[in-house]
$ cat upload.cif   # mmCIF, C-alpha atoms
data_start
loop_
_atom_site.label_atom_id
_atom_site.label_comp_id
_atom_site.auth_asym_id
_atom_site.auth_seq_id
_atom_site.Cartn_x
_atom_site.Cartn_y
_atom_site.Cartn_z
CA MET A 1400 -10.47 -14.64 -2.59
CA LYS A 1401 -9.12 -12.52 -5.43
CA ARG A 1402 -5.88 -10.61 -5.21
CA PHE A 1403 -4.91 -7.55 -7.27
CA GLN A 1404 -1.29 -6.38 -6.97
CA PHE A 1405 -0.68 -2.72 -6.14
CA GLN A 1406 0.85 -0.83 -9.08
CA TYR A 1407 3.57 1.60 -7.94
CA THR A 1408 4.78 4.29 -10.32
CA LYS A 1409 8.38 4.08 -11.52
CA THR A 1410 9.22 7.14 -9.42
CA MET A 1411 7.80 5.50 -6.27
CA LYS A 1412 9.71 2.29 -6.94
CA VAL A 1413 12.97 4.20 -7.39
CA LEU A 1414 12.34 6.17 -4.19
CA MET A 1415 11.55 2.98 -2.28
CA TYR A 1416 14.72 1.26 -3.53
CA LEU A 1417 16.74 4.35 -2.57
CA ALA A 1418 15.14 4.29 0.89
CA LEU A 1419 16.07 0.60 1.21
CA LEU A 1420 19.67 1.47 0.34
CA LEU A 1421 19.57 4.29 2.87
CA CYS A 1422 18.36 1.84 5.55
CA VAL A 1423 21.21 -0.55 4.75
CA ALA A 1424 23.76 2.29 4.78
CA ALA A 1425 22.39 3.69 8.07
CA PHE A 1426 22.48 0.24 9.66
CA ALA A 1427 26.06 -0.33 8.48
CA LEU A 1428 27.18 3.11 9.67
CA ASN A 1429 25.55 2.63 13.09
CA ALA A 1430 27.00 -0.87 13.45
CA TRP A 1431 30.46 0.37 12.45
CA SER A 1432 30.19 3.27 14.93
CA PHE A 1433 29.07 0.86 17.66
CA PHE A 1434 32.05 -1.45 17.09
CA GLN A 1435 34.47 1.49 16.93
CA THR A 1436 33.35 3.29 20.08
CA GLY A 1437 31.52 0.63 22.05
CA ILE A 1438 28.91 1.36 24.68
CA GLU A 1439 29.82 4.37 26.78
CA GLY A 1440 26.84 4.31 29.08
CA PHE A 1441 23.11 3.82 29.24
CA TYR A 1442 22.23 6.57 26.75
CA SER A 1443 24.84 5.35 24.28
CA ALA A 1444 23.38 1.84 24.42
CA LEU A 1445 19.85 3.20 24.08
CA ARG A 1446 20.85 5.35 21.09
CA TYR A 1447 22.43 2.42 19.24
CA ALA A 1448 19.50 0.14 20.01
CA ILE A 1449 16.96 2.67 18.74
CA LEU A 1450 18.96 3.54 15.62
CA LEU A 1451 19.49 -0.10 14.71
CA LEU A 1452 15.84 -1.00 15.35
CA VAL A 1453 14.59 1.95 13.28
CA THR A 1454 16.79 1.04 10.31
CA VAL A 1455 15.80 -2.64 10.46
CA GLY A 1456 12.12 -1.71 10.90
CA GLY A 1457 12.23 0.71 7.97
CA PHE A 1458 13.90 -1.91 5.80
CA VAL A 1459 11.29 -4.56 6.69
CA ILE A 1460 8.35 -2.22 6.07
CA LEU A 1461 9.69 -0.96 2.73
CA LEU A 1462 10.61 -4.43 1.50
CA SER A 1463 7.22 -5.82 2.48
CA MET A 1464 5.51 -2.92 0.67
CA LEU A 1465 7.46 -3.72 -2.50
CA ILE A 1466 6.73 -7.44 -2.30
CA SER A 1467 3.21 -7.82 -0.96
CA SER A 1468 1.09 -4.74 -1.57
CA ALA A 1469 -2.32 -5.65 -2.96
CA TYR A 1470 -6.07 -5.25 -2.86
CA ILE A 1471 -7.77 -8.45 -1.75
CA VAL A 1472 -11.47 -9.18 -2.23
CA THR A 1473 -12.80 -11.85 0.15
CA ASP A 1474 -16.36 -13.01 0.74
CA LYS A 1475 -17.11 -10.19 3.18
CA GLU A 1476 -14.22 -7.71 3.03
CA LEU A 1477 -12.08 -5.59 0.79
CA ILE A 1478 -8.56 -5.63 2.23
CA THR A 1479 -5.87 -3.14 1.31
CA ALA A 1480 -2.48 -4.60 2.11
CA PHE A 1481 0.56 -2.35 1.91
CA GLY A 1482 3.17 -4.83 3.05
CA ILE A 1483 2.56 -5.55 6.72
CA ILE A 1484 0.10 -2.65 7.00
CA ARG A 1485 -3.47 -3.82 6.35
CA SER A 1486 -6.86 -2.14 6.33
CA LYS A 1487 -10.18 -3.95 6.09
CA PHE A 1488 -13.43 -2.58 4.69
CA LYS A 1489 -16.75 -4.41 4.75
CA LEU A 1490 -18.12 -5.11 1.28
CA SER A 1491 -21.58 -4.37 2.66
CA GLU A 1492 -20.50 -0.73 3.18
CA ILE A 1493 -19.47 -0.20 -0.46
CA GLU A 1494 -21.99 1.98 -2.25
CA LYS A 1495 -20.46 2.74 -5.65
CA LEU A 1496 -17.52 1.91 -7.93
CA THR A 1497 -16.47 4.63 -10.38
CA LEU A 1498 -14.22 3.97 -13.37
CA ASN A 1499 -12.92 7.16 -14.94
CA SER A 1500 -11.50 6.41 -18.39
CA LYS A 1501 -10.15 9.95 -18.67
CA THR A 1502 -7.91 9.70 -15.59
CA LYS A 1503 -7.70 5.88 -15.77
CA LYS A 1504 -8.64 5.64 -12.09
CA LEU A 1505 -11.00 3.27 -10.34
CA SER A 1506 -12.48 4.50 -7.08
CA VAL A 1507 -14.79 3.04 -4.47
CA THR A 1508 -17.28 5.14 -2.51
CA PHE A 1509 -18.55 3.93 0.84
CA GLU A 1510 -21.97 4.50 2.42
CA ASN A 1511 -20.55 7.12 4.79
CA GLY A 1512 -19.36 9.24 1.83
CA THR A 1513 -15.66 8.43 2.08
CA TYR A 1514 -13.84 7.03 -0.91
CA MET A 1515 -10.53 5.59 -1.99
CA VAL A 1516 -8.81 5.23 -5.33
CA PHE A 1517 -7.43 1.87 -6.44
CA ILE A 1518 -3.92 1.93 -7.84
CA VAL A 1519 -3.72 -1.23 -9.91
CA ASN A 1520 -2.82 -2.12 -13.46
CA GLU A 1521 -5.46 -0.56 -15.75
CA THR A 1522 -6.16 -3.93 -17.38
CA TRP A 1523 -7.40 -5.23 -14.00
CA HIS A 1524 -10.08 -2.55 -13.48
CA GLU A 1525 -12.89 -4.63 -14.96
CA GLU A 1526 -11.72 -7.74 -13.10
CA LEU A 1527 -11.70 -5.85 -9.81
CA ILE A 1528 -15.18 -4.48 -10.49
CA ALA A 1529 -16.40 -8.00 -11.33
CA ALA A 1530 -14.83 -9.46 -8.16
CA ILE A 1531 -16.58 -6.88 -5.95
CA ARG A 1532 -19.86 -7.15 -7.86
CA GLU A 1533 -19.76 -10.95 -7.50
CA LYS A 1534 -19.71 -10.56 -3.71
CA LYS A 1535 -22.07 -7.54 -3.60
CA PRO A 1536 -24.39 -7.50 -6.64
CA SER A 1537 -26.21 -4.34 -5.48
CA VAL A 1538 -23.11 -2.12 -5.86
CA ILE A 1539 -23.60 0.81 -8.26
CA ILE A 1540 -21.13 0.87 -11.15
CA GLU A 1541 -20.47 4.28 -12.70
CA TYR A 1542 -18.44 4.83 -15.86
CA ILE A 1543 -17.10 8.31 -16.56
CA GLY A 1544 -15.72 8.72 -20.08
CA GLU A 1545 -13.80 11.14 -22.24
CA ASP A 1546 -17.00 12.90 -23.29
CA ASP A 1547 -18.15 13.69 -19.75
CA ASN A 1548 -17.40 17.12 -18.32
CA VAL A 1549 -15.85 15.93 -15.07
#
$ encode --input "upload.cif" --output "structure tokens"
Amino acid sequence: MKRFQFQYTKTMKVLMYLALLLCVAAFALNAWSFFQTGIEGFYSALRYAILLLVTVGGFVILLSMLISSAYIVTDKELITAFGIIRSKFKLSEIEKLTLNSKTKKLSVTFENGTYMVFIVNETWHEELIAAIREKKPSVIIEYIGEDDNV
């Protein structure tokens, strides 16, 4: 199993940290409001419970995305893990890997015509290609360069 860490842009990281701070602030504000006013009935209790659960859930999801987002190549699957959210793709369904040196993007095309773009450190592109090719030697590797009109 080979693991390639997801590479967020600086803007995305800043936005995620701001969202984490917003979750903490919303939780604190809701907790303070709860302790100030107390429960005034069923709907009040339901409102506080939902607001507190949403802020905690958002915090957990964002933190897990910052800590453990990666592409994982196993013997039979390519797994995209964005924190606690995971998607699995069978290696047998991968048709082609395309490395575009102009845009510095690596994409995978599946047999059904769908594709996805890997967002990893550029220095890992060749390693990721090698990891997939090791498990599925028949995969087509396509290199698009600066000279191509794409």
$ residues_around --input "upload.cif" --residues "stretch 1474-1477 of chain A" --least-positions-apart "6" --cutoff "8 Å" --atoms "only C-alpha atoms" --output "count of residues only"
7
$ residues_around --input "upload.cif" --residues "stretch 1417-1426 of chain A" --least-positions-apart "6" --cutoff "9 Å" --atoms "all atoms listed in the file" --output "list in words"
Leu1450, Leu1451, Leu1452, Val1453, Thr1454, Val1455, Gly1456, Gly1457, Phe1458, Val1459, Leu1461 and Leu1462 of chain A
$ closest_atom_pairs --input "upload.cif" --of "stretch 1423-1500 of chain A" --to "stretch 1403-1413 of chain A" --cutoff "6 Å" --atoms "only C-alpha atoms" --output "CSV"
residue,atom,partner,partner_atom,distance
A:Ser1468,CA,A:Phe1405,CA,5.3
A:Ala1469,CA,A:Gln1404,CA,4.2
A:Tyr1470,CA,A:Phe1403,CA,5.1
$ write_last_selection --input "upload.cif" --atoms "C-alpha atoms" --output "PDB file, keeping the file's coordinate frame"
ATOM      1  CA  SER A1468       1.090  -4.740  -1.570  1.00  0.00           C
ATOM      2  CA  ALA A1469      -2.320  -5.650  -2.960  1.00  0.00           C
ATOM      3  CA  TYR A1470      -6.070  -5.250  -2.860  1.00  0.00           C
TER       4      TYR A1470
END
$ closest_residue --input "upload.cif" --among "A:Ile1539, A:Ile1466, A:Ile1493, A:Leu1505" --to "A:Leu1527" --atoms "only C-alpha atoms"
A:Leu1505
$ atom_distance --input "upload.cif" --atom1 "atom CA of A:Val1538" --atom2 "atom CA of A:Asn1499"
16.5 Å
$ resolve_selection --input "upload.cif" --expression "the PyMOL selection byres ((chain A and resi 1509) around 8)" --output "MDAnalysis selection string"
chainID A and resid 1492:1495 1507:1508 1510:1514
$ atom_distance --input "upload.cif" --atom1 "atom CA of A:Lys1504" --atom2 "atom CA of A:Lys1535"
20.6 Å
$ atom_distance --input "upload.cif" --atom1 "atom CA of A:Arg1402" --atom2 "atom CA of A:Thr1502"
22.9 Å
$ closest_residue --input "upload.cif" --among "A:Ile1518, A:Ala1427, A:Met1415, A:Ile1478" --to "A:Ser1463" --atoms "all atoms listed in the file"
A:Met1415
$ resolve_selection --input "upload.cif" --expression "the PyMOL selection byres ((chain A and resi 1516) around 6)" --output "number ranges by chain"
A: 1505-1506, 1515, 1517
$ closest_residue --input "upload.cif" --among "A:Ile1484, A:Ile1531, A:Val1519, A:Leu1465" --to "A:Leu1414" --atoms "all atoms listed in the file"
A:Leu1465
